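Colleague: One file: run_14.pdb (PDB, C-alpha atoms).
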ATOM      1  CA  GLY A   1       0.000   0.000   0.000  1.00  0.00           C
ATOM      2  CA  THR A   2       0.900   3.673  -0.031  1.00  0.00           C
ATOM      3  CA  GLU A   3       2.810   4.827   3.044  1.00  0.00           C
ATOM      4  CA  ILE A   4       1.900   8.013   4.891  1.00  0.00           C
ATOM      5  CA  GLN A   5       4.561   9.549   7.121  1.00  0.00           C
ATOM      6  CA  LEU A   6       3.710  11.686  10.126  1.00  0.00           C
ATOM      7  CA  ALA A   7       6.284  14.472  10.131  1.00  0.00           C
ATOM      8  CA  ASP A   8       5.066  16.295  13.230  1.00  0.00           C
ATOM      9  CA  VAL A   9       3.022  14.511  15.876  1.00  0.00           C
ATOM     10  CA  GLY A  10       3.252  17.180  18.561  1.00  0.00           C
ATOM     11  CA  LYS A  11       4.359  16.777  22.131  1.00  0.00           C
ATOM     12  CA  LYS A  12       1.612  14.548  23.508  1.00  0.00           C
ATOM     13  CA  SER A  13       3.043  11.156  24.419  1.00  0.00           C
ATOM     14  CA  ARG A  14      -0.223   9.416  23.410  1.00  0.00           C
ATOM     15  CA  GLN A  15       0.317  10.280  19.771  1.00  0.00           C
ATOM     16  CA  PHE A  16       1.986   7.720  17.558  1.00  0.00           C
ATOM     17  CA  ALA A  17       5.177   8.759  15.791  1.00  0.00           C
ATOM     18  CA  GLY A  18       5.321   6.373  12.873  1.00  0.00           C
ATOM     19  CA  SER A  19       3.809   5.508   9.523  1.00  0.00           C
ATOM     20  CA  PHE A  20       0.571   4.037   8.255  1.00  0.00           C
ATOM     21  CA  GLU A  21      -0.084   2.068   5.100  1.00  0.00           C
ATOM     22  CA  VAL A  22      -3.114   2.966   2.999  1.00  0.00           C
ATOM     23  CA  ASP A  23      -4.380   0.126   0.827  1.00  0.00           C
ATOM     24  CA  ASP A  24      -7.091   2.002  -0.987  1.00  0.00           C
ATOM     25  CA  VAL A  25      -9.242   5.129  -1.090  1.00  0.00           C
ATOM     26  CA  LEU A  26     -12.872   4.405  -1.933  1.00  0.00           C
ATOM     27  CA  GLU A  27     -15.151   6.641  -3.945  1.00  0.00           C
ATOM     28  CA  GLY A  28     -17.641   8.554  -1.822  1.00  0.00           C
ATOM     29  CA  GLU A  29     -20.578   7.441  -3.975  1.00  0.00           C
ATOM     30  CA  MET A  30     -19.864   3.700  -3.709  1.00  0.00           C
ATOM     31  CA  SER A  31     -22.762   1.515  -2.604  1.00  0.00           C
ATOM     32  CA  GLN A  32     -22.617  -0.375   0.685  1.00  0.00           C
ATOM     33  CA  SER A  33     -22.442  -3.625  -1.261  1.00  0.00           C
ATOM     34  CA  ALA A  34     -19.473  -2.392  -3.310  1.00  0.00           C
ATOM     35  CA  VAL A  35     -17.647  -1.255  -0.166  1.00  0.00           C
ATOM     36  CA  TRP A  36     -17.972  -4.716   1.389  1.00  0.00           C
ATOM     37  CA  GLY A  37     -16.907  -6.267  -1.904  1.00  0.00           C
ATOM     38  CA  GLN A  38     -13.538  -4.509  -1.555  1.00  0.00           C
ATOM     39  CA  PHE A  39     -12.727  -6.493   1.611  1.00  0.00           C
ATOM     40  CA  GLU A  40     -14.839  -9.630   1.504  1.00  0.00           C
ATOM     41  CA  LYS A  41     -12.369 -12.142   0.100  1.00  0.00           C
ATOM     42  CA  GLN A  42      -9.332 -11.096   2.112  1.00  0.00           C
ATOM     43  CA  ILE A  43     -11.357 -11.135   5.331  1.00  0.00           C
ATOM     44  CA  MET A  44     -13.141 -14.433   4.732  1.00  0.00           C
ATOM     45  CA  ASP A  45      -9.859 -16.097   3.739  1.00  0.00           C
ATOM     46  CA  LYS A  46      -8.569 -15.215   7.209  1.00  0.00           C
ATOM     47  CA  VAL A  47     -11.687 -16.348   9.057  1.00  0.00           C
ATOM     48  CA  PHE A  48     -11.739 -19.837   7.508  1.00  0.00           C
ATOM     49  CA  ASP A  49      -8.923 -22.041   6.281  1.00  0.00           C
ATOM     50  CA  PRO A  50      -9.614 -22.409   2.527  1.00  0.00           C
ATOM     51  CA  GLU A  51      -8.274 -25.975   2.613  1.00  0.00           C
ATOM     52  CA  THR A  52      -9.979 -27.424   5.702  1.00  0.00           C
ATOM     53  CA  GLY A  53     -12.916 -25.066   6.276  1.00  0.00           C
ATOM     54  CA  GLN A  54     -11.941 -24.748   9.931  1.00  0.00           C
ATOM     55  CA  ALA A  55     -12.111 -21.380  11.699  1.00  0.00           C
ATOM     56  CA  MET A  56      -8.675 -19.740  11.861  1.00  0.00           C
ATOM     57  CA  PHE A  57      -7.914 -16.179  12.899  1.00  0.00           C
ATOM     58  CA  GLY A  58      -9.766 -13.433  14.684  1.00  0.00           C
ATOM     59  CA  VAL A  59     -10.549 -10.499  12.390  1.00  0.00           C
ATOM     60  CA  THR A  60     -11.356  -6.940  13.438  1.00  0.00           C
ATOM     61  CA  LEU A  61     -13.288  -4.393  11.377  1.00  0.00           C
ATOM     62  CA  MET A  62     -13.111  -0.894  12.836  1.00  0.00           C
ATOM     63  CA  ALA A  63     -14.473   2.434  11.634  1.00  0.00           C
ATOM     64  CA  TYR A  64     -12.451   5.419  12.821  1.00  0.00           C
ATOM     65  CA  GLY A  65     -13.093   9.119  12.346  1.00  0.00           C
ATOM     66  CA  GLN A  66     -14.663  12.237  13.770  1.00  0.00           C
ATOM     67  CA  THR A  67     -18.359  12.642  14.493  1.00  0.00           C
ATOM     68  CA  GLY A  68     -20.334  12.852  11.260  1.00  0.00           C
ATOM     69  CA  ALA A  69     -17.672  11.164   9.130  1.00  0.00           C
ATOM     70  CA  GLY A  70     -19.941   8.200   8.348  1.00  0.00           C
ATOM     71  CA  LYS A  71     -18.658   5.489  10.724  1.00  0.00           C
ATOM     72  CA  THR A  72     -22.066   4.233  11.829  1.00  0.00           C
ATOM     73  CA  TYR A  73     -23.466   4.478   8.311  1.00  0.00           C
ATOM     74  CA  THR A  74     -20.620   2.363   6.936  1.00  0.00           C
ATOM     75  CA  MET A  75     -20.861  -0.264   9.655  1.00  0.00           C
ATOM     76  CA  MET A  76     -24.638  -0.417  10.212  1.00  0.00           C
ATOM     77  CA  GLY A  77     -26.325   1.746   7.577  1.00  0.00           C
ATOM     78  CA  PRO A  78     -28.752   4.643   8.107  1.00  0.00           C
ATOM     79  CA  GLU A  79     -31.014   4.881  11.172  1.00  0.00           C
ATOM     80  CA  GLU A  80     -33.805   2.813   9.620  1.00  0.00           C
ATOM     81  CA  CYS A  81     -31.421  -0.129   9.115  1.00  0.00           C
ATOM     82  CA  LYS A  82     -30.904  -0.350  12.880  1.00  0.00           C
ATOM     83  CA  THR A  83     -34.530  -1.406  13.226  1.00  0.00           C
ATOM     84  CA  GLN A  84     -35.104  -3.033   9.813  1.00  0.00           C
ATOM     85  CA  PRO A  85     -31.780  -4.340   8.463  1.00  0.00           C
ATOM     86  CA  LEU A  86     -33.549  -6.882   6.237  1.00  0.00           C
ATOM     87  CA  GLY A  87     -36.049  -6.149   3.502  1.00  0.00           C
ATOM     88  CA  PRO A  88     -39.547  -7.713   3.249  1.00  0.00           C
ATOM     89  CA  ASP A  89     -38.067 -10.512   1.137  1.00  0.00           C
ATOM     90  CA  GLY A  90     -35.545 -11.401   3.868  1.00  0.00           C
ATOM     91  CA  ASN A  91     -32.583 -10.082   1.909  1.00  0.00           C
ATOM     92  CA  ILE A  92     -30.194  -7.426   3.171  1.00  0.00           C
ATOM     93  CA  ALA A  93     -31.574  -3.902   2.872  1.00  0.00           C
ATOM     94  CA  GLU A  94     -29.852  -1.924   0.113  1.00  0.00           C
ATOM     95  CA  GLN A  95     -28.212   0.553   2.495  1.00  0.00           C
ATOM     96  CA  ALA A  96     -27.415  -1.898   5.307  1.00  0.00           C
ATOM     97  CA  GLY A  97     -23.807  -1.684   6.484  1.00  0.00           C
ATOM     98  CA  ILE A  98     -20.901  -4.076   6.277  1.00  0.00           C
ATOM     99  CA  CYS A  99     -21.559  -5.739   9.668  1.00  0.00           C
ATOM    100  CA  LEU A 100     -24.641  -7.499   8.332  1.00  0.00           C
ATOM    101  CA  ARG A 101     -22.942  -8.139   4.998  1.00  0.00           C
ATOM    102  CA  LEU A 102     -20.054  -9.826   6.761  1.00  0.00           C
ATOM    103  CA  CYS A 103     -22.518 -12.100   8.590  1.00  0.00           C
ATOM    104  CA  HIS A 104     -24.187 -12.947   5.258  1.00  0.00           C
ATOM    105  CA  SER A 105     -20.819 -13.953   3.802  1.00  0.00           C
ATOM    106  CA  LEU A 106     -20.064 -15.872   6.996  1.00  0.00           C
ATOM    107  CA  PHE A 107     -23.175 -18.036   6.781  1.00  0.00           C
ATOM    108  CA  GLN A 108     -22.654 -18.576   3.065  1.00  0.00           C
ATOM    109  CA  GLN A 109     -19.169 -19.931   3.742  1.00  0.00           C
ATOM    110  CA  ILE A 110     -20.398 -22.020   6.672  1.00  0.00           C
ATOM    111  CA  SER A 111     -22.939 -23.669   4.346  1.00  0.00           C
ATOM    112  CA  ILE A 112     -20.212 -24.381   1.776  1.00  0.00           C
ATOM    113  CA  ASN A 113     -17.905 -25.827   4.454  1.00  0.00           C
ATOM    114  CA  LEU A 114     -20.694 -28.071   5.747  1.00  0.00           C
ATOM    115  CA  ARG A 115     -21.560 -29.284   2.246  1.00  0.00           C
ATOM    116  CA  ASP A 116     -18.048 -29.791   0.897  1.00  0.00           C
ATOM    117  CA  LYS A 117     -15.981 -30.538   4.015  1.00  0.00           C
ATOM    118  CA  GLU A 118     -18.587 -31.665   6.575  1.00  0.00           C
ATOM    119  CA  VAL A 119     -17.400 -28.951   8.970  1.00  0.00           C
ATOM    120  CA  VAL A 120     -20.041 -27.824  11.474  1.00  0.00           C
ATOM    121  CA  THR A 121     -19.677 -24.236  12.713  1.00  0.00           C
ATOM    122  CA  THR A 122     -21.630 -22.547  15.519  1.00  0.00           C
ATOM    123  CA  VAL A 123     -22.059 -18.772  15.443  1.00  0.00           C
ATOM    124  CA  THR A 124     -22.721 -16.623  18.514  1.00  0.00           C
ATOM    125  CA  VAL A 125     -23.259 -12.854  18.527  1.00  0.00           C
ATOM    126  CA  GLY A 126     -22.896 -10.266  21.288  1.00  0.00           C
ATOM    127  CA  LEU A 127     -22.965  -6.459  21.497  1.00  0.00           C
ATOM    128  CA  LEU A 128     -21.115  -4.188  23.909  1.00  0.00           C
ATOM    129  CA  GLU A 129     -21.132  -0.448  24.426  1.00  0.00           C
ATOM    130  CA  LEU A 130     -18.211   1.572  25.768  1.00  0.00           C
ATOM    131  CA  TYR A 131     -19.748   4.645  27.368  1.00  0.00           C
ATOM    132  CA  ASN A 132     -18.121   7.107  29.773  1.00  0.00           C
ATOM    133  CA  GLU A 133     -15.207   4.719  30.383  1.00  0.00           C
ATOM    134  CA  ASN A 134     -17.586   1.861  31.292  1.00  0.00           C
ATOM    135  CA  MET A 135     -18.538  -1.246  29.334  1.00  0.00           C
ATOM    136  CA  PHE A 136     -22.166  -2.349  29.089  1.00  0.00           C
ATOM    137  CA  ASP A 137     -23.858  -5.445  27.672  1.00  0.00           C
ATOM    138  CA  LEU A 138     -26.353  -4.231  25.066  1.00  0.00           C
ATOM    139  CA  LEU A 139     -28.251  -7.535  25.206  1.00  0.00           C
ATOM    140  CA  VAL A 140     -29.164  -6.853  28.847  1.00  0.00           C
ATOM    141  CA  PRO A 141     -31.896  -4.166  28.942  1.00  0.00           C
ATOM    142  CA  SER A 142     -31.588  -1.284  31.379  1.00  0.00           C
ATOM    143  CA  PRO A 143     -33.907  -1.616  34.397  1.00  0.00           C
ATOM    144  CA  GLY A 144     -37.012   0.369  33.493  1.00  0.00           C
ATOM    145  CA  ARG A 145     -35.174   1.675  30.408  1.00  0.00           C
ATOM    146  CA  ASP A 146     -33.159   3.855  32.799  1.00  0.00           C
ATOM    147  CA  PHE A 147     -29.593   3.960  31.438  1.00  0.00           C
ATOM    148  CA  GLU A 148     -28.313   5.337  34.741  1.00  0.00           C
ATOM    149  CA  LYS A 149     -29.199   2.035  36.449  1.00  0.00           C
ATOM    150  CA  ARG A 150     -27.162  -0.150  34.144  1.00  0.00           C
ATOM    151  CA  VAL A 151     -24.455  -2.255  35.761  1.00  0.00           C
ATOM    152  CA  PRO A 152     -21.152  -2.172  33.821  1.00  0.00           C
ATOM    153  CA  LEU A 153     -19.330  -5.378  32.979  1.00  0.00           C
ATOM    154  CA  ARG A 154     -15.999  -6.160  34.562  1.00  0.00           C
ATOM    155  CA  LEU A 155     -12.894  -7.145  32.645  1.00  0.00           C
ATOM    156  CA  GLY A 156     -11.379 -10.544  33.134  1.00  0.00           C
ATOM    157  CA  LYS A 157      -7.988 -11.745  31.964  1.00  0.00           C
ATOM    158  CA  ASN A 158      -6.744 -14.973  30.445  1.00  0.00           C
ATOM    159  CA  ARG A 159      -3.867 -16.079  28.232  1.00  0.00           C
ATOM    160  CA  ALA A 160      -5.368 -14.302  25.229  1.00  0.00           C
ATOM    161  CA  GLY A 161      -5.688 -10.994  27.097  1.00  0.00           C
ATOM    162  CA  ASN A 162      -8.588  -9.028  28.562  1.00  0.00           C
ATOM    163  CA  PHE A 163     -12.200 -10.022  28.003  1.00  0.00           C
ATOM    164  CA  PRO A 164     -15.638  -8.842  29.218  1.00  0.00           C
ATOM    165  CA  MET A 165     -16.858 -11.112  32.005  1.00  0.00           C
ATOM    166  CA  ASN A 166     -20.368 -12.583  31.754  1.00  0.00           C
ATOM    167  CA  GLN A 167     -21.092 -11.042  28.356  1.00  0.00           C
ATOM    168  CA  THR A 168     -24.327 -12.281  26.778  1.00  0.00           C
ATOM    169  CA  MET A 169     -23.706 -14.210  23.560  1.00  0.00           C
ATOM    170  CA  ARG A 170     -26.675 -15.354  21.468  1.00  0.00           C
ATOM    171  CA  THR A 171     -26.431 -18.469  19.323  1.00  0.00           C
ATOM    172  CA  THR A 172     -27.596 -17.723  15.778  1.00  0.00           C
ATOM    173  CA  ALA A 173     -28.342 -20.129  12.941  1.00  0.00           C
ATOM    174  CA  ASP A 174     -28.879 -17.729  10.051  1.00  0.00           C
ATOM    175  CA  LEU A 175     -28.782 -14.099   8.925  1.00  0.00           C
ATOM    176  CA  GLU A 176     -32.331 -13.401  10.121  1.00  0.00           C
ATOM    177  CA  GLN A 177     -31.395 -14.355  13.680  1.00  0.00           C
ATOM    178  CA  VAL A 178     -28.251 -12.204  13.549  1.00  0.00           C
ATOM    179  CA  ALA A 179     -30.341  -9.258  12.336  1.00  0.00           C
ATOM    180  CA  ALA A 180     -32.721  -9.750  15.274  1.00  0.00           C
ATOM    181  CA  VAL A 181     -29.814  -9.662  17.746  1.00  0.00           C
ATOM    182  CA  LEU A 182     -28.416  -6.491  16.177  1.00  0.00           C
ATOM    183  CA  VAL A 183     -31.817  -4.784  16.342  1.00  0.00           C
ATOM    184  CA  GLU A 184     -32.203  -5.796  19.993  1.00  0.00           C
ATOM    185  CA  GLY A 185     -28.734  -4.540  20.906  1.00  0.00           C
ATOM    186  CA  TYR A 186     -28.981  -1.242  19.080  1.00  0.00           C
ATOM    187  CA  GLY A 187     -32.276  -0.602  20.842  1.00  0.00           C
ATOM    188  CA  ASN A 188     -30.273  -0.347  24.077  1.00  0.00           C
ATOM    189  CA  VAL A 189     -27.561   2.031  22.833  1.00  0.00           C
ATOM    190  CA  THR A 190     -27.183   5.223  24.853  1.00  0.00           C
ATOM    191  CA  MET A 191     -27.935   8.233  22.671  1.00  0.00           C
ATOM    192  CA  GLY A 192     -26.899  11.771  23.481  1.00  0.00           C
ATOM    193  CA  ALA A 193     -26.173  14.923  21.533  1.00  0.00           C
ATOM    194  CA  THR A 194     -22.585  15.849  20.791  1.00  0.00           C
ATOM    195  CA  ALA A 195     -21.314  19.208  19.638  1.00  0.00           C
ATOM    196  CA  MET A 196     -21.346  18.061  16.010  1.00  0.00           C
ATOM    197  CA  ASN A 197     -24.257  15.641  15.790  1.00  0.00           C
ATOM    198  CA  GLU A 198     -27.455  15.678  17.821  1.00  0.00           C
ATOM    199  CA  ARG A 199     -28.147  12.009  16.936  1.00  0.00           C
ATOM    200  CA  SER A 200     -24.664  10.774  17.730  1.00  0.00           C
ATOM    201  CA  SER A 201     -23.937   8.184  20.386  1.00  0.00           C
ATOM    202  CA  ARG A 202     -21.341   9.286  22.878  1.00  0.00           C
ATOM    203  CA  GLY A 203     -20.248   5.673  23.165  1.00  0.00           C
ATOM    204  CA  HIS A 204     -18.626   3.068  20.970  1.00  0.00           C
ATOM    205  CA  THR A 205     -20.372  -0.148  19.966  1.00  0.00           C
ATOM    206  CA  ILE A 206     -18.527  -3.454  19.665  1.00  0.00           C
ATOM    207  CA  ILE A 207     -20.149  -6.380  17.860  1.00  0.00           C
ATOM    208  CA  THR A 208     -18.566  -9.724  18.718  1.00  0.00           C
ATOM    209  CA  ILE A 209     -19.055 -12.774  16.503  1.00  0.00           C
ATOM    210  CA  LYS A 210     -17.645 -16.132  17.612  1.00  0.00           C
TER
END
As structure tokens - that is how I would like this structure written.
Modeller:
Amino acid sequence: GTEIQLADVGKKSRQFAGSFEVDDVLEGEMSQSAVWGQFEKQIMDKVFDPETGQAMFGVTLMAYGQTGAGKTYTMMGPEECKTQPLGPDGNIAEQAGICLRLCHSLFQQISINLRDKEVVTTVTVGLLELYNENMFDLLVPSPGRDFEKRVPLRLGKNRAGNFPMNQTMRTTADLEQVAAVLVEGYGNVTMGATAMNERSSRGHTIITIK
């Protein structure tokens, strides 16, 4: 990829003095489907071993940028896709984001692995929210819908690193069930106005698929 050098990173020790590689710059008018198509093969080839069909590596998709840059739109789609990510025909809504598209590709590959290699794969889905330095399980509703009464999760530690203790993970058998979990989780996201976007969440949402 193309390398970008940071010539002046200031005096703050938290800033990274180094270089980043840019693989591609996408056109602003690209469809959600075309955006996912740019990454689908390289991601799925890391999730499953092409030879055995067994699950291999953990993969992270992250959207980074300032408020209003389009992070949530890219990952989840517009607001209506948070409540109706699938169309009436059961297919992915045209503007749905890459999270649901990844899950669609995942189940497609699982079906191929079962048919061709007799590999059985179980998929579980969970949603977390990082809000005001605390971590909350979005699949556990707030008591009385009062976000102030939520109990944050604690971090545990094992050989792989830190992990959220007692996180709810839902077993899903198909894309429709994944969509239902995403709708449920996003219904519990804390919303609050920021200086740049009155519909912006002040938190960060993490979708975990195992």
Colleague: Produce a table with one row for each residue of region 86-112 of chain A that has an atom at most 12 Å from any atom of region 160-172 of chain A, each row naming the nearest atom pair and its distance in Å at one decimal; use only C-alpha atoms; arrange rows by chain and rising residue number; format as a Markdown table.
Modeller:
| residue | atom | partner | partner_atom | distance |
| --- | --- | --- | --- | --- |
| A:Cys103 | CA | A:Thr172 | CA | 10.4 |
| A:Leu106 | CA | A:Thr172 | CA | 11.7 |
| A:Phe107 | CA | A:Thr172 | CA | 10.0 |
Colleague: Can you give me, as a list in words, the residues this file yields under the PyMOL selection byres ((chain A and resi 141) around 12)?
Modeller: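 After applying the PyMOL selection byres ((chain A and resi 141) around 12), what remains is Leu127, Leu128, Phe136, Asp137, Leu138, Leu139, Val140, Ser142, Pro143, Gly144, Arg145, Asp146, Phe147, Glu148, Lys149, Arg150, Val151, Pro152, Thr168, Glu184, Gly185, Tyr186, Gly187, Asn188, Val189 and Thr190 of chain A.
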Colleague: Given the selection you just returned, output its residues as a file containing C-alpha atoms, formatted as a compact mmCIF listing (two decimals), in the frame of the given file.
Modeller:
# COMPACT_ATOMS: atom_id res chain seq x y z
CA LEU A 127 -22.96 -6.46 21.50
CA LEU A 128 -21.12 -4.19 23.91
CA PHE A 136 -22.17 -2.35 29.09
CA ASP A 137 -23.86 -5.44 27.67
CA LEU A 138 -26.35 -4.23 25.07
CA LEU A 139 -28.25 -7.54 25.21
CA VAL A 140 -29.16 -6.85 28.85
CA SER A 142 -31.59 -1.28 31.38
CA PRO A 143 -33.91 -1.62 34.40
CA GLY A 144 -37.01 0.37 33.49
CA ARG A 145 -35.17 1.68 30.41
CA ASP A 146 -33.16 3.86 32.80
CA PHE A 147 -29.59 3.96 31.44
CA GLU A 148 -28.31 5.34 34.74
CA LYS A 149 -29.20 2.04 36.45
CA ARG A 150 -27.16 -0.15 34.14
CA VAL A 151 -24.46 -2.26 35.76
CA PRO A 152 -21.15 -2.17 33.82
CA THR A 168 -24.33 -12.28 26.78
CA GLU A 184 -32.20 -5.80 19.99
CA GLY A 185 -28.73 -4.54 20.91
CA TYR A 186 -28.98 -1.24 19.08
CA GLY A 187 -32.28 -0.60 20.84
CA ASN A 188 -30.27 -0.35 24.08
CA VAL A 189 -27.56 2.03 22.83
CA THR A 190 -27.18 5.22 24.85
Colleague: Leaving out Ala34 (chain A) and any residue of its chain fewer than 6 positions from it, which residues lie within 12 Å of it when counting all atoms listed in the file, given as a PyMOL selection string?
Modeller: chain A and resi 26-28+40+74+94-98+101
Colleague: Hey, what comes out of the PyMOL selection byres ((chain A and resi 84) around 12) on this file? Could you write it as JSON, numbers by chain?
Modeller: {"A": [76, 77, 78, 79, 80, 81, 82, 83, 85, 86, 87, 88, 89, 90, 91, 92, 93, 94, 95, 96, 97, 100, 176, 179, 180, 181, 182, 183, 184, 186, 187]}
Colleague: Would you compute an axis-aligned box for region 34-53 of chain A, covering every atom listed for it in the file with 8 Å of margin on each side, and report centre and edge lengths in Å to one decimal as lines of an AutoDock Vina configuration file?
Modeller:
center_x = -13.9
center_y = -14.3
center_z = 2.9
size_x = 27.2
size_y = 42.2
size_z = 28.4
Colleague: Calculate how many Å separate CA of Ile206 (chain A) from CA of Gly37 (chain A), rounding to one decimal.
Modeller: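 It comes out at 21.8 Å.
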Colleague: Do you have the CA of Val123 (chain A)-CA of Gly65 (chain A) distance handy?
Modeller: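 Going from CA of Val123 (chain A) over to CA of Gly65 (chain A), I get 29.5 Å.
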Colleague: Compare A:Ile207, A:Leu175, A:Gln42, A:Val22 by their minimum atom-to-atom distance to Gly126 (chain A), counting all atoms listed in the file, and give me the closest one.
Modeller: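 Among the listed residues, A:Ile207 lies closest to Gly126 (chain A).
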Colleague: Please report the interatomic distance between CA of Ile110 (chain A) and CA of Thr52 (chain A) in Å with one decimal.
Modeller: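 Going from CA of Ile110 (chain A) over to CA of Thr52 (chain A), I get 11.8 Å.
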Colleague: As an mmCIF file, in the frame of the given file, could you write out region 147-170 of chain A once it has been completed with N, CA and C atoms?
Modeller:
data_model
loop_
_atom_site.group_PDB
_atom_site.id
_atom_site.type_symbol
_atom_site.label_atom_id
_atom_site.label_comp_id
_atom_site.auth_asym_id
_atom_site.auth_seq_id
_atom_site.Cartn_x
_atom_site.Cartn_y
_atom_site.Cartn_z
ATOM 1 N N PHE A 147 -30.991 4.251 31.726
ATOM 2 C CA PHE A 147 -29.593 3.960 31.438
ATOM 3 C C PHE A 147 -28.696 4.195 32.643
ATOM 4 N N GLU A 148 -29.125 5.048 33.560
ATOM 5 C CA GLU A 148 -28.313 5.337 34.741
ATOM 6 C C GLU A 148 -28.241 4.148 35.690
ATOM 7 N N LYS A 149 -29.162 3.193 35.546
ATOM 8 C CA LYS A 149 -29.199 2.035 36.449
ATOM 9 C C LYS A 149 -28.469 0.825 35.883
ATOM 10 N N ARG A 150 -27.887 0.981 34.726
ATOM 11 C CA ARG A 150 -27.162 -0.150 34.144
ATOM 12 C C ARG A 150 -25.936 -0.504 34.979
ATOM 13 N N VAL A 151 -25.635 -1.782 35.033
ATOM 14 C CA VAL A 151 -24.455 -2.255 35.761
ATOM 15 C C VAL A 151 -23.362 -2.577 34.742
ATOM 16 N N PRO A 152 -22.216 -1.910 34.801
ATOM 17 C CA PRO A 152 -21.152 -2.172 33.821
ATOM 18 C C PRO A 152 -20.534 -3.554 34.008
ATOM 19 N N LEU A 153 -20.047 -4.104 32.924
ATOM 20 C CA LEU A 153 -19.330 -5.378 32.979
ATOM 21 C C LEU A 153 -17.919 -5.160 33.515
ATOM 22 N N ARG A 154 -17.386 -6.201 34.101
ATOM 23 C CA ARG A 154 -15.999 -6.160 34.562
ATOM 24 C C ARG A 154 -15.106 -6.893 33.556
ATOM 25 N N LEU A 155 -13.863 -6.491 33.524
ATOM 26 C CA LEU A 155 -12.894 -7.145 32.645
ATOM 27 C C LEU A 155 -12.232 -8.309 33.363
ATOM 28 N N GLY A 156 -12.153 -9.424 32.653
ATOM 29 C CA GLY A 156 -11.379 -10.544 33.134
ATOM 30 C C GLY A 156 -10.102 -10.656 32.319
ATOM 31 N N LYS A 157 -9.251 -11.581 32.684
ATOM 32 C CA LYS A 157 -7.988 -11.745 31.964
ATOM 33 C C LYS A 157 -7.645 -13.219 31.859
ATOM 34 N N ASN A 158 -7.233 -13.614 30.653
ATOM 35 C CA ASN A 158 -6.744 -14.973 30.445
ATOM 36 C C ASN A 158 -5.503 -14.915 29.565
ATOM 37 N N ARG A 159 -5.099 -16.046 29.027
ATOM 38 C CA ARG A 159 -3.867 -16.079 28.232
ATOM 39 C C ARG A 159 -3.964 -15.230 26.973
ATOM 40 N N ALA A 160 -5.185 -15.080 26.456
ATOM 41 C CA ALA A 160 -5.368 -14.302 25.229
ATOM 42 C C ALA A 160 -5.409 -12.805 25.494
ATOM 43 N N GLY A 161 -5.613 -12.416 26.766
ATOM 44 C CA GLY A 161 -5.688 -10.994 27.097
ATOM 45 C C GLY A 161 -6.927 -10.680 27.910
ATOM 46 N N ASN A 162 -7.408 -9.448 27.817
ATOM 47 C CA ASN A 162 -8.588 -9.028 28.562
ATOM 48 C C ASN A 162 -9.862 -9.434 27.834
ATOM 49 N N PHE A 163 -10.916 -9.682 28.600
ATOM 50 C CA PHE A 163 -12.200 -10.022 28.003
ATOM 51 C C PHE A 163 -13.326 -9.557 28.931
ATOM 52 N N PRO A 164 -14.506 -9.256 28.385
ATOM 53 C CA PRO A 164 -15.638 -8.842 29.218
ATOM 54 C C PRO A 164 -16.250 -10.042 29.926
ATOM 55 N N MET A 165 -16.316 -9.991 31.231
ATOM 56 C CA MET A 165 -16.858 -11.112 32.005
ATOM 57 C C MET A 165 -18.382 -11.142 31.912
ATOM 58 N N ASN A 166 -18.913 -12.354 31.758
ATOM 59 C CA ASN A 166 -20.368 -12.583 31.754
ATOM 60 C C ASN A 166 -21.095 -11.850 30.624
ATOM 61 N N GLN A 167 -20.412 -11.667 29.493
ATOM 62 C CA GLN A 167 -21.092 -11.042 28.356
ATOM 63 C C GLN A 167 -22.121 -11.999 27.769
ATOM 64 N N THR A 168 -23.286 -11.486 27.414
ATOM 65 C CA THR A 168 -24.327 -12.281 26.778
ATOM 66 C C THR A 168 -23.956 -12.551 25.326
ATOM 67 N N MET A 169 -23.962 -13.819 24.942
ATOM 68 C CA MET A 169 -23.706 -14.210 23.560
ATOM 69 C C MET A 169 -24.870 -15.063 23.084
ATOM 70 N N ARG A 170 -25.516 -14.639 22.003
ATOM 71 C CA ARG A 170 -26.675 -15.354 21.468
ATOM 72 C C ARG A 170 -26.259 -16.279 20.330
#
